[in-house]
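Q: I'm passing along start-v4.cif; it holds mmCIF, C-alpha atoms.
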data_entry
#
loop_
_atom_site.group_PDB
_atom_site.id
_atom_site.type_symbol
_atom_site.label_atom_id
_atom_site.label_comp_id
_atom_site.auth_asym_id
_atom_site.auth_seq_id
_atom_site.Cartn_x
_atom_site.Cartn_y
_atom_site.Cartn_z
ATOM 1 C CA MET A 28 -17.851 23.981 -4.988
ATOM 2 C CA GLU A 29 -18.101 20.388 -6.143
ATOM 3 C CA LYS A 30 -16.403 17.047 -5.829
ATOM 4 C CA VAL A 31 -13.071 16.906 -7.639
ATOM 5 C CA THR A 32 -13.217 15.143 -11.018
ATOM 6 C CA THR A 33 -9.795 16.302 -12.250
ATOM 7 C CA LYS A 34 -7.183 13.715 -13.183
ATOM 8 C CA ILE A 35 -3.567 14.259 -14.160
ATOM 9 C CA ASP A 36 -1.571 11.733 -16.164
ATOM 10 C CA PRO A 37 1.889 11.749 -14.540
ATOM 11 C CA ASP A 38 3.474 10.275 -17.647
ATOM 12 C CA LEU A 39 2.314 13.209 -19.758
ATOM 13 C CA CYS A 40 2.821 15.964 -17.168
ATOM 14 C CA VAL A 41 6.071 17.896 -17.772
ATOM 15 C CA GLY A 42 5.846 19.932 -14.576
ATOM 16 C CA CYS A 43 5.288 23.334 -16.206
ATOM 17 C CA GLY A 44 2.902 24.336 -13.395
ATOM 18 C CA LEU A 45 0.487 26.220 -15.638
ATOM 19 C CA CYS A 46 -2.519 24.242 -14.394
ATOM 20 C CA VAL A 47 -1.636 25.067 -10.795
ATOM 21 C CA GLN A 48 -1.325 28.765 -11.611
ATOM 22 C CA VAL A 49 -4.774 29.065 -13.238
ATOM 23 C CA CYS A 50 -6.713 26.919 -10.742
ATOM 24 C CA PRO A 51 -9.133 29.365 -9.011
ATOM 25 C CA VAL A 52 -9.527 27.334 -5.814
ATOM 26 C CA LYS A 53 -6.123 25.673 -5.381
ATOM 27 C CA THR A 54 -7.324 22.178 -6.191
ATOM 28 C CA LEU A 55 -3.943 21.420 -7.739
ATOM 29 C CA SER A 56 -0.394 21.688 -6.375
ATOM 30 C CA MET A 57 3.131 20.922 -7.525
ATOM 31 C CA VAL A 58 4.486 17.795 -5.808
ATOM 32 C CA ASN A 59 7.976 16.536 -6.625
ATOM 33 C CA GLY A 60 8.040 18.525 -9.843
ATOM 34 C CA LYS A 61 4.666 17.280 -11.113
ATOM 35 C CA ALA A 62 1.131 18.649 -10.875
ATOM 36 C CA GLU A 63 -1.135 16.669 -8.567
ATOM 37 C CA VAL A 64 -4.707 16.861 -7.299
ATOM 38 C CA THR A 65 -4.335 17.826 -3.638
ATOM 39 C CA GLY A 66 -7.601 19.614 -2.880
ATOM 40 C CA ASP A 67 -10.933 18.125 -1.882
ATOM 41 C CA LEU A 68 -13.176 20.518 -3.800
ATOM 42 C CA SER A 69 -13.197 21.986 -7.295
ATOM 43 C CA LEU A 70 -15.097 24.363 -9.562
ATOM 44 C CA ASN A 71 -14.694 21.833 -12.392
ATOM 45 C CA CYS A 72 -14.181 24.872 -14.613
ATOM 46 C CA GLY A 73 -11.679 23.162 -16.910
ATOM 47 C CA HIS A 74 -9.061 25.929 -16.766
ATOM 48 C CA CYS A 75 -6.419 23.326 -15.989
ATOM 49 C CA GLN A 76 -7.438 21.097 -18.872
ATOM 50 C CA ALA A 77 -7.583 24.009 -21.293
ATOM 51 C CA ILE A 78 -4.143 25.388 -20.447
ATOM 52 C CA CYS A 79 -2.137 22.147 -20.293
ATOM 53 C CA PRO A 80 0.244 22.079 -23.303
ATOM 54 C CA GLU A 81 0.651 18.286 -23.136
ATOM 55 C CA GLY A 82 -2.974 17.212 -22.711
ATOM 56 C CA ALA A 83 -2.154 15.651 -19.341
ATOM 57 C CA VAL A 84 -5.219 17.014 -17.519
ATOM 58 C CA THR A 85 -8.817 15.853 -17.827
ATOM 59 C CA VAL A 86 -11.893 17.048 -15.928
ATOM 60 C CA GLY A 87 -14.504 14.316 -15.675
ATOM 61 C CA ALA A 88 -17.382 16.694 -14.993
ATOM 62 C CA ILE A 89 -17.033 18.212 -18.458
ATOM 63 C CA ASP A 90 -19.317 16.571 -21.016
ATOM 64 C CA GLU A 91 -17.603 16.631 -24.390
ATOM 65 C CA THR A 92 -20.937 16.276 -26.208
ATOM 66 C CA MET A 93 -21.840 19.792 -25.070
ATOM 67 C CA SER A 94 -19.259 21.043 -27.578
ATOM 68 C CA GLU A 95 -20.695 18.981 -30.432
ATOM 69 C CA PHE A 96 -23.253 20.684 -32.674
ATOM 70 C CA VAL A 97 -25.613 19.332 -35.310
ATOM 71 C CA THR A 98 -26.398 22.374 -37.439
ATOM 72 C CA PHE A 99 -22.890 23.794 -37.827
ATOM 73 C CA GLN A 100 -19.257 22.795 -37.467
ATOM 74 C CA GLY A 101 -17.758 23.899 -34.172
ATOM 75 C CA ASP A 102 -14.105 24.813 -33.722
ATOM 76 C CA SER A 103 -12.451 23.521 -30.553
ATOM 77 C CA ASN A 104 -9.313 25.596 -30.997
ATOM 78 C CA TRP A 105 -9.021 28.343 -28.401
ATOM 79 C CA LEU A 106 -9.326 31.839 -29.852
ATOM 80 C CA ALA A 107 -6.474 33.898 -28.421
ATOM 81 C CA TYR A 108 -6.986 37.333 -26.898
ATOM 82 C CA GLY A 109 -7.239 39.977 -29.603
ATOM 83 C CA GLU A 110 -7.558 37.529 -32.502
ATOM 84 C CA PHE A 111 -11.242 38.095 -33.247
ATOM 85 C CA ASN A 112 -12.474 41.022 -35.343
ATOM 86 C CA THR A 113 -14.020 43.397 -32.814
ATOM 87 C CA GLY A 114 -15.798 45.342 -35.522
ATOM 88 C CA GLN A 115 -17.615 42.217 -36.691
ATOM 89 C CA LEU A 116 -18.482 41.280 -33.123
ATOM 90 C CA VAL A 117 -20.063 44.688 -32.549
ATOM 91 C CA ARG A 118 -21.801 44.427 -35.910
ATOM 92 C CA LEU A 119 -23.449 41.177 -34.827
ATOM 93 C CA MET A 120 -24.497 42.660 -31.481
ATOM 94 C CA ALA A 121 -25.890 45.806 -33.057
ATOM 95 C CA SER A 122 -27.628 43.955 -35.921
ATOM 96 C CA ARG A 123 -29.654 41.692 -33.638
ATOM 97 C CA ARG A 124 -33.037 43.265 -33.051
ATOM 98 C CA SER A 125 -36.169 42.147 -31.267
ATOM 99 C CA CYS A 126 -38.373 40.458 -33.846
ATOM 100 C CA ARG A 127 -42.127 41.039 -33.686
ATOM 101 C CA SER A 128 -43.054 39.621 -37.063
ATOM 102 C CA PHE A 129 -42.330 35.899 -37.200
ATOM 103 C CA LEU A 130 -43.110 33.601 -40.092
ATOM 104 C CA SER A 131 -45.041 30.390 -39.476
ATOM 105 C CA ARG A 132 -42.147 28.278 -40.753
ATOM 106 C CA PRO A 133 -41.092 25.892 -37.936
ATOM 107 C CA VAL A 134 -37.645 25.853 -36.348
ATOM 108 C CA GLU A 135 -35.835 22.522 -36.451
ATOM 109 C CA ARG A 136 -35.337 20.873 -33.075
ATOM 110 C CA SER A 137 -31.642 20.408 -33.794
ATOM 111 C CA VAL A 138 -31.304 24.189 -34.117
ATOM 112 C CA LEU A 139 -33.057 24.745 -30.785
ATOM 113 C CA GLU A 140 -30.844 22.144 -29.113
ATOM 114 C CA ASP A 141 -27.709 23.742 -30.556
ATOM 115 C CA LEU A 142 -28.886 27.110 -29.242
ATOM 116 C CA VAL A 143 -29.148 25.620 -25.756
ATOM 117 C CA LYS A 144 -25.569 24.361 -26.000
ATOM 118 C CA ILE A 145 -24.467 27.802 -27.131
ATOM 119 C CA GLY A 146 -26.270 29.282 -24.134
ATOM 120 C CA CYS A 147 -24.195 27.018 -21.925
ATOM 121 C CA THR A 148 -20.955 28.616 -23.114
ATOM 122 C CA ALA A 149 -21.839 31.645 -20.965
ATOM 123 C CA PRO A 150 -20.045 32.285 -17.670
ATOM 124 C CA SER A 151 -21.790 31.410 -14.416
ATOM 125 C CA GLY A 152 -21.209 32.310 -10.776
ATOM 126 C CA THR A 153 -18.560 29.984 -9.275
ATOM 127 C CA ASN A 154 -18.913 27.983 -12.498
ATOM 128 C CA CYS A 155 -21.989 26.269 -11.066
ATOM 129 C CA GLN A 156 -23.606 25.988 -14.529
ATOM 130 C CA LEU A 157 -27.040 25.458 -13.009
ATOM 131 C CA TRP A 158 -28.993 26.910 -15.888
ATOM 132 C CA THR A 159 -32.160 25.160 -16.987
ATOM 133 C CA PHE A 160 -33.636 25.267 -20.480
ATOM 134 C CA THR A 161 -37.139 24.287 -21.481
ATOM 135 C CA ILE A 162 -37.646 24.097 -25.237
ATOM 136 C CA ILE A 163 -41.115 24.847 -26.592
ATOM 137 C CA PRO A 164 -40.593 23.478 -30.108
ATOM 138 C CA THR A 165 -43.889 24.046 -31.927
ATOM 139 C CA ARG A 166 -46.453 26.764 -32.433
ATOM 140 C CA GLU A 167 -49.113 24.502 -30.939
ATOM 141 C CA ALA A 168 -47.087 24.007 -27.746
ATOM 142 C CA LEU A 169 -46.288 27.710 -27.561
ATOM 143 C CA MET A 170 -49.965 28.623 -27.829
ATOM 144 C CA ALA A 171 -50.822 26.162 -25.042
ATOM 145 C CA PHE A 172 -48.196 27.902 -22.903
ATOM 146 C CA GLY A 173 -49.597 31.252 -24.012
ATOM 147 C CA GLU A 174 -53.061 30.236 -22.826
ATOM 148 C CA GLN A 175 -51.641 29.852 -19.314
ATOM 149 C CA ILE A 176 -50.183 33.367 -19.544
ATOM 150 C CA ARG A 177 -53.413 34.747 -20.993
ATOM 151 C CA SER A 178 -55.462 33.299 -18.133
ATOM 152 C CA PHE A 179 -53.138 34.932 -15.619
ATOM 153 C CA TYR A 180 -53.537 38.389 -17.174
ATOM 154 C CA MET A 181 -57.284 38.037 -17.484
ATOM 155 C CA LYS A 182 -57.504 37.471 -13.726
ATOM 156 C CA LEU A 183 -54.974 40.222 -13.018
ATOM 157 C CA ASN A 184 -56.905 42.741 -15.120
ATOM 158 C CA ILE A 185 -60.118 41.959 -13.266
ATOM 159 C CA MET A 186 -58.328 42.709 -9.994
ATOM 160 C CA ALA A 187 -56.630 45.824 -11.385
ATOM 161 C CA ASN A 188 -59.935 47.211 -12.601
ATOM 162 C CA ASN A 189 -61.170 47.265 -8.999
ATOM 163 C CA GLY A 190 -60.398 50.804 -7.849
ATOM 164 C CA LEU A 191 -61.181 50.148 -4.197
ATOM 165 C CA LEU A 192 -58.820 47.156 -4.145
ATOM 166 C CA ARG A 193 -56.032 49.197 -5.732
ATOM 167 C CA LYS A 194 -56.445 51.993 -3.207
ATOM 168 C CA PHE A 195 -56.542 49.610 -0.260
ATOM 169 C CA LEU A 196 -53.408 47.757 -1.324
ATOM 170 C CA LYS A 197 -51.623 51.039 -1.949
ATOM 171 C CA PHE A 198 -52.707 52.289 1.486
ATOM 172 C CA ILE A 199 -51.152 49.258 3.218
ATOM 173 C CA GLY A 200 -47.882 49.672 1.360
ATOM 174 C CA LYS A 201 -48.494 47.398 -1.624
ATOM 175 C CA PRO A 202 -48.691 49.724 -4.650
ATOM 176 C CA GLU A 203 -47.841 47.076 -7.281
ATOM 177 C CA LEU A 204 -51.421 46.591 -8.506
ATOM 178 C CA ASP A 205 -51.948 50.339 -8.847
ATOM 179 C CA THR A 206 -48.669 50.658 -10.771
ATOM 180 C CA TYR A 207 -49.704 47.818 -13.063
ATOM 181 C CA TYR A 208 -53.064 49.500 -13.687
ATOM 182 C CA ARG A 209 -51.434 52.790 -14.680
ATOM 183 C CA GLU A 210 -48.663 51.324 -16.840
ATOM 184 C CA TYR A 211 -49.915 48.043 -18.315
ATOM 185 C CA TYR A 212 -53.629 47.478 -17.767
ATOM 186 C CA GLN A 213 -54.912 49.173 -20.929
ATOM 187 C CA THR A 214 -52.277 47.637 -23.227
ATOM 188 C CA VAL A 215 -52.920 44.153 -21.832
ATOM 189 C CA LYS A 216 -56.686 44.677 -22.082
ATOM 190 C CA GLU A 217 -56.381 45.617 -25.746
ATOM 191 C CA GLY A 218 -54.117 42.656 -26.423
ATOM 192 C CA LEU A 219 -56.511 40.203 -24.809
ATOM 193 C CA GLU A 220 -59.466 41.649 -26.723
ATOM 194 C CA GLU A 221 -57.593 41.571 -30.034
ATOM 195 C CA PHE A 222 -56.669 37.938 -29.532
ATOM 196 C CA ASP A 223 -60.296 37.040 -28.741
ATOM 197 C CA ARG A 224 -61.528 39.029 -31.711
ATOM 198 C CA SER A 225 -59.058 38.077 -34.448
ATOM 199 C CA GLY A 226 -56.448 35.717 -32.999
ATOM 200 C CA VAL A 227 -53.613 38.264 -33.204
ATOM 201 C CA ASP A 228 -50.766 37.124 -30.968
ATOM 202 C CA ARG A 229 -49.264 40.141 -29.241
ATOM 203 C CA LEU A 230 -47.461 38.004 -26.673
ATOM 204 C CA PHE A 231 -45.204 35.831 -28.850
ATOM 205 C CA HIS A 232 -45.732 37.784 -32.098
ATOM 206 C CA GLY A 233 -46.520 34.606 -34.028
ATOM 207 C CA ALA A 234 -43.261 32.855 -33.129
ATOM 208 C CA PRO A 235 -43.216 29.101 -33.818
ATOM 209 C CA ALA A 236 -40.867 28.217 -30.945
ATOM 210 C CA ALA A 237 -39.319 29.456 -27.727
ATOM 211 C CA ILE A 238 -36.710 28.611 -25.132
ATOM 212 C CA VAL A 239 -37.485 29.234 -21.460
ATOM 213 C CA VAL A 240 -34.291 29.982 -19.555
ATOM 214 C CA GLY A 241 -34.140 29.451 -15.824
ATOM 215 C CA CYS A 242 -31.785 28.480 -13.066
ATOM 216 C CA LYS A 243 -31.832 26.162 -10.101
ATOM 217 C CA ALA A 244 -32.411 27.825 -6.752
ATOM 218 C CA ASN A 245 -29.002 26.903 -5.324
ATOM 219 C CA ALA A 246 -27.068 28.718 -8.053
ATOM 220 C CA THR A 247 -24.690 31.404 -6.828
ATOM 221 C CA LEU A 248 -26.048 34.126 -9.134
ATOM 222 C CA PRO A 249 -29.142 32.604 -10.756
ATOM 223 C CA ARG A 250 -30.570 35.704 -12.427
ATOM 224 C CA GLU A 251 -27.245 36.826 -13.857
ATOM 225 C CA ASP A 252 -26.378 33.320 -15.039
ATOM 226 C CA ALA A 253 -29.692 32.876 -16.847
ATOM 227 C CA LEU A 254 -29.559 36.276 -18.528
ATOM 228 C CA LEU A 255 -25.982 35.785 -19.709
ATOM 229 C CA ALA A 256 -26.993 32.456 -21.263
ATOM 230 C CA SER A 257 -30.010 34.161 -22.846
ATOM 231 C CA GLN A 258 -27.797 36.800 -24.464
ATOM 232 C CA ASN A 259 -25.689 34.042 -26.013
ATOM 233 C CA ILE A 260 -28.857 32.495 -27.444
ATOM 234 C CA LEU A 261 -30.056 35.824 -28.862
ATOM 235 C CA LEU A 262 -26.788 36.517 -30.674
ATOM 236 C CA ALA A 263 -26.380 32.958 -31.916
ATOM 237 C CA ALA A 264 -29.953 32.895 -33.222
ATOM 238 C CA HIS A 265 -29.229 35.920 -35.398
ATOM 239 C CA SER A 266 -26.076 34.317 -36.771
ATOM 240 C CA MET A 267 -28.091 31.177 -37.586
ATOM 241 C CA GLY A 268 -30.720 33.097 -39.552
ATOM 242 C CA LEU A 269 -33.392 33.379 -36.860
ATOM 243 C CA GLY A 270 -35.202 36.288 -35.315
ATOM 244 C CA SER A 271 -35.562 36.458 -31.557
ATOM 245 C CA CYS A 272 -37.419 38.412 -28.898
ATOM 246 C CA LEU A 273 -37.272 38.411 -25.120
ATOM 247 C CA ILE A 274 -40.850 38.021 -23.837
ATOM 248 C CA GLY A 275 -40.844 39.739 -20.477
ATOM 249 C CA MET A 276 -44.623 39.564 -20.179
ATOM 250 C CA ALA A 277 -44.340 35.766 -20.008
ATOM 251 C CA VAL A 278 -41.754 35.766 -17.221
ATOM 252 C CA GLU A 279 -43.633 37.695 -14.553
ATOM 253 C CA PRO A 280 -46.700 35.392 -14.493
ATOM 254 C CA MET A 281 -44.459 32.387 -13.794
ATOM 255 C CA LYS A 282 -42.940 34.239 -10.842
ATOM 256 C CA ARG A 283 -46.374 35.041 -9.479
ATOM 257 C CA ASP A 284 -48.032 31.682 -10.128
ATOM 258 C CA ILE A 285 -45.852 28.575 -9.819
ATOM 259 C CA ARG A 286 -48.571 26.514 -11.489
ATOM 260 C CA ILE A 287 -47.772 28.090 -14.848
ATOM 261 C CA GLN A 288 -44.189 26.893 -14.927
ATOM 262 C CA ASN A 289 -45.266 23.528 -13.545
ATOM 263 C CA ALA A 290 -47.697 23.239 -16.463
ATOM 264 C CA ILE A 291 -44.768 23.229 -18.924
ATOM 265 C CA GLY A 292 -42.717 20.789 -16.878
ATOM 266 C CA ILE A 293 -40.512 23.155 -14.856
ATOM 267 C CA PRO A 294 -40.154 21.938 -11.239
ATOM 268 C CA HIS A 295 -40.506 24.016 -8.072
ATOM 269 C CA ASP A 296 -36.769 24.274 -7.387
ATOM 270 C CA GLU A 297 -36.163 26.293 -10.553
ATOM 271 C CA LYS A 298 -36.923 29.930 -11.319
ATOM 272 C CA VAL A 299 -37.523 31.348 -14.786
ATOM 273 C CA TYR A 300 -35.676 34.520 -15.791
ATOM 274 C CA ALA A 301 -36.162 34.732 -19.559
ATOM 275 C CA VAL A 302 -38.427 33.507 -22.339
ATOM 276 C CA VAL A 303 -36.835 33.774 -25.791
ATOM 277 C CA ALA A 304 -39.238 33.617 -28.741
ATOM 278 C CA LEU A 305 -37.537 32.251 -31.865
ATOM 279 C CA GLY A 306 -38.359 31.828 -35.506
ATOM 280 C CA HIS A 307 -37.733 32.859 -39.074
ATOM 281 C CA THR A 308 -38.628 36.446 -39.786
ATOM 282 C CA ALA A 309 -39.752 38.566 -42.711
ATOM 283 C CA GLU A 310 -38.036 41.641 -41.256
ATOM 284 C CA GLU A 311 -35.143 42.894 -43.366
ATOM 285 C CA TYR A 312 -33.435 45.950 -41.924
ATOM 286 C CA ARG A 313 -31.335 48.305 -44.019
ATOM 287 C CA ARG A 314 -28.953 49.623 -41.385
ATOM 288 C CA ILE A 315 -27.903 49.331 -37.787
ATOM 289 C CA ALA A 316 -29.826 51.490 -35.338
ATOM 290 C CA GLY A 317 -27.936 53.622 -32.854
ATOM 291 C CA ARG A 318 -28.313 53.850 -29.113
ATOM 292 C CA LYS A 319 -29.371 56.541 -26.658
ATOM 293 C CA LYS A 320 -26.725 58.561 -24.877
ATOM 294 C CA VAL A 321 -25.363 56.694 -21.871
ATOM 295 C CA THR A 322 -23.953 58.096 -18.642
ATOM 296 C CA VAL A 323 -20.335 57.093 -18.063
ATOM 297 C CA ARG A 324 -18.528 57.845 -14.825
ATOM 298 C CA TYR A 325 -15.089 57.134 -13.416
ATOM 299 C CA PHE A 326 -13.966 56.539 -9.886
ATOM 300 C CA GLU A 327 -10.313 57.122 -9.126
ATOM 301 C CA PRO A 328 -9.430 57.409 -5.422
#
Represent the structure from my file as structure tokens, please.

A:
Amino acid sequence: MEKVTTKIDPDLCVGCGLCVQVCPVKTLSMVNGKAEVTGDLSLNCGHCQAICPEGAVTVGAIDETMSEFVTFQGDSNWLAYGEFNTGQLVRLMASRRSCRSFLSRPVERSVLEDLVKIGCTAPSGTNCQLWTFTIIPTREALMAFGEQIRSFYMKLNIMANNGLLRKFLKFIGKPELDTYYREYYQTVKEGLEEFDRSGVDRLFHGAPAAIVVGCKANATLPREDALLASQNILLAAHSMGLGSCLIGMAVEPMKRDIRIQNAIGIPHDEKVYAVVALGHTAEEYRRIAGRKKVTVRYFEP
């Protein structure tokens, strides 16, 4: 909850009460037939501003520039329930695929900045909106970041290759290194050797840019918030002509070694939950791929 920044123009308010009805935390009340700010705290979610038919409500915490885009024309008109083509929405979702063959063509900074703004249209726990975004705008910068990740895995593989250490850690209830050895060690080893031998980038797949998505520690649901924002970025990137790929192998090292995220300017009070590689791609698919069978259950008491 935050300080109230909502203001209501009494001359414009017609007393319909809609803003009071949609306020999640009862910041507003009806007083003498008009809506008034009566609470001390607010989510600053903007529900009241969005629903007012007369434009009498403003929320100061909302930055209007976050709805202004450089690379495309936004539409500020609310899309009513049921008015969008669900088939086309699903088509977009199903057409987006993880790209592992990026072209060297750079991505304009304005595109990356617009993608961040699109990420911020995602929901967040208690509307805290405490996402953080670190743009890595060039191939050179991404490779410098990749060197930090590479160094981490080189050290980890040395440890994992020590059978006695793996057994000891497993014996004292810490099986993570043994699990890593069985599931990832060989693949990482081959990737490191291939990069040393021929410069092949198995980590970012040759991407020219990336966005690191994190969240501040005091967010209500930091992991969920960051991943929802990341999904927005993935879908928007496809619609803007870019390929994308979530790089999970870059996230774990930053969790294990705070110095890596510090090296790219991310402070200690933030945690990273996703790294999205972005760029133009040579991949041209012919059809949408299906999905594996999913388990669906109902609960009806």

Q: Name the residues in contact with Ala88 in chain A at a cut-off of 8 Å, using only C-alpha atoms, excluding same-chain residues fewer than 2 positions from it; report them as a PyMOL selection string.

A: chain A and resi 32+71+86+90

Q: So how many Å separate CA of Gln115 in chain A and CA of Thr308 in chain A, to one decimal?

A: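 Distance between the two atoms: 22.0 Å.
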
Q: Name the residues that the PyMOL selection byres ((chain A and resi 47-64) around 12) picks from the file above, as an mmCIF file with C-alpha atoms, keeping the file's coordinate frame, using the file's chain letters and numbers.

A:
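The resulting file, expr_13.cif, is reproduced below:
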data_model
loop_
_atom_site.group_PDB
_atom_site.id
_atom_site.type_symbol
_atom_site.label_atom_id
_atom_site.label_comp_id
_atom_site.auth_asym_id
_atom_site.auth_seq_id
_atom_site.Cartn_x
_atom_site.Cartn_y
_atom_site.Cartn_z
ATOM 1 C CA MET A 28 -17.851 23.981 -4.988
ATOM 2 C CA GLU A 29 -18.101 20.388 -6.143
ATOM 3 C CA LYS A 30 -16.403 17.047 -5.829
ATOM 4 C CA VAL A 31 -13.071 16.906 -7.639
ATOM 5 C CA THR A 32 -13.217 15.143 -11.018
ATOM 6 C CA THR A 33 -9.795 16.302 -12.250
ATOM 7 C CA LYS A 34 -7.183 13.715 -13.183
ATOM 8 C CA ILE A 35 -3.567 14.259 -14.160
ATOM 9 C CA ASP A 36 -1.571 11.733 -16.164
ATOM 10 C CA PRO A 37 1.889 11.749 -14.540
ATOM 11 C CA ASP A 38 3.474 10.275 -17.647
ATOM 12 C CA LEU A 39 2.314 13.209 -19.758
ATOM 13 C CA CYS A 40 2.821 15.964 -17.168
ATOM 14 C CA VAL A 41 6.071 17.896 -17.772
ATOM 15 C CA GLY A 42 5.846 19.932 -14.576
ATOM 16 C CA CYS A 43 5.288 23.334 -16.206
ATOM 17 C CA GLY A 44 2.902 24.336 -13.395
ATOM 18 C CA LEU A 45 0.487 26.220 -15.638
ATOM 19 C CA CYS A 46 -2.519 24.242 -14.394
ATOM 20 C CA THR A 65 -4.335 17.826 -3.638
ATOM 21 C CA GLY A 66 -7.601 19.614 -2.880
ATOM 22 C CA ASP A 67 -10.933 18.125 -1.882
ATOM 23 C CA LEU A 68 -13.176 20.518 -3.800
ATOM 24 C CA SER A 69 -13.197 21.986 -7.295
ATOM 25 C CA LEU A 70 -15.097 24.363 -9.562
ATOM 26 C CA ASN A 71 -14.694 21.833 -12.392
ATOM 27 C CA CYS A 72 -14.181 24.872 -14.613
ATOM 28 C CA GLY A 73 -11.679 23.162 -16.910
ATOM 29 C CA HIS A 74 -9.061 25.929 -16.766
ATOM 30 C CA CYS A 75 -6.419 23.326 -15.989
ATOM 31 C CA GLN A 76 -7.438 21.097 -18.872
ATOM 32 C CA ALA A 77 -7.583 24.009 -21.293
ATOM 33 C CA ILE A 78 -4.143 25.388 -20.447
ATOM 34 C CA CYS A 79 -2.137 22.147 -20.293
ATOM 35 C CA ALA A 83 -2.154 15.651 -19.341
ATOM 36 C CA VAL A 84 -5.219 17.014 -17.519
ATOM 37 C CA THR A 85 -8.817 15.853 -17.827
ATOM 38 C CA VAL A 86 -11.893 17.048 -15.928
ATOM 39 C CA THR A 153 -18.560 29.984 -9.275
ATOM 40 C CA ASN A 154 -18.913 27.983 -12.498
#

Q: In Å, with one decimal, what is the gap from CA of Lys144 in chain A to CA of Ile163 in chain A?

A: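 Pair CA of Lys144 in chain A / CA of Ile163 in chain A returns 15.6 Å.
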
Q: If you apply the PyMOL selection byres ((chain A and resi 251) around 12) to this file, what residues do you get, as a PyMOL selection string?

A: chain A and resi 149-153+156-158+240-242+246-250+252-258+299-301

Q: Any chance you could resolve the PyMOL selection byres ((chain A and resi 309) around 12) against this file and give the residues as a short mmCIF file (atom, residue, chain, number, x, y, z; two decimals) with C-alpha atoms, in the frame of the given file?

A:
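What landed in part-v2.cif:
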data_model
loop_
_atom_site.label_atom_id
_atom_site.label_comp_id
_atom_site.auth_asym_id
_atom_site.auth_seq_id
_atom_site.Cartn_x
_atom_site.Cartn_y
_atom_site.Cartn_z
CA CYS A 126 -38.37 40.46 -33.85
CA ARG A 127 -42.13 41.04 -33.69
CA SER A 128 -43.05 39.62 -37.06
CA PHE A 129 -42.33 35.90 -37.20
CA LEU A 130 -43.11 33.60 -40.09
CA SER A 131 -45.04 30.39 -39.48
CA ARG A 132 -42.15 28.28 -40.75
CA GLY A 233 -46.52 34.61 -34.03
CA ALA A 234 -43.26 32.85 -33.13
CA GLY A 268 -30.72 33.10 -39.55
CA LEU A 269 -33.39 33.38 -36.86
CA GLY A 270 -35.20 36.29 -35.32
CA GLY A 306 -38.36 31.83 -35.51
CA HIS A 307 -37.73 32.86 -39.07
CA THR A 308 -38.63 36.45 -39.79
CA GLU A 310 -38.04 41.64 -41.26
CA GLU A 311 -35.14 42.89 -43.37
CA TYR A 312 -33.44 45.95 -41.92
#

Q: Assuming 5 Å of padding per side, give the centre and edge lengths of the axis-aligned box around every listed atom of range 297-302 of chain A, in Å to one decimal and as JSON.

A:
{"center_x": -37.1, "center_y": 30.5, "center_z": -16.4, "size_x": 12.8, "size_y": 18.4, "size_z": 21.8}

Q: Expressed in Å to a single decimal, how great is the separation between CA of Ala290 in chain A and CA of His232 in chain A?

A: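 Straight-line distance from CA of Ala290 in chain A to CA of His232 in chain A works out to 21.4 Å.
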
Q: Give me the residues within 10 Å of Val143 in chain A as a PyMOL selection string, counting only C-alpha atoms and dropping any in the same chain fewer than 4 places off.

A: chain A and resi 93+137-139+147-148+158-162+238+240+256-257+259-260+263

Q: With all atoms listed in the file as the atoms that count, which of A:Pro164, A:Gly146, A:Gly317, A:Gly173 lies nearest to Ala264 in chain A?

A: A:Gly146

Q: Tell me which of A:Arg124, A:Pro280, A:Asp141, A:Asn245 sits closest to Val97 in chain A, counting all atoms listed in the file.

A: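 Nearest candidate to Val97 in chain A out of A:Arg124, A:Pro280, A:Asp141, A:Asn245: A:Asp141.
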
Q: So which one's closest to Lys243 in chain A, A:Glu210, A:Glu297, A:Asp205, A:Asp223? Using only C-alpha atoms, please.

A: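 Distance minimum relative to Lys243 in chain A lands on A:Glu297.
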
Q: With all atoms listed in the file as the atoms that count, which of A:Gly101, A:Ile176, A:Met170, A:Lys197 lies nearest to Met281 in chain A?

A: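 The shortest atom-to-atom distance to Met281 in chain A comes from A:Ile176.
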
Q: Between A:Lys298, A:Leu204, A:Leu119, A:Leu305, which one has atoms that come closest to Ile285 in chain A, using all atoms listed in the file?

A: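 For Ile285 in chain A, the nearest of the given residues is A:Lys298.
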
Q: I'd like to know which of A:Arg286, A:Val215, A:Cys155, A:Arg209 is closest to Asn184 in chain A, using all atoms listed in the file.

A: A:Val215
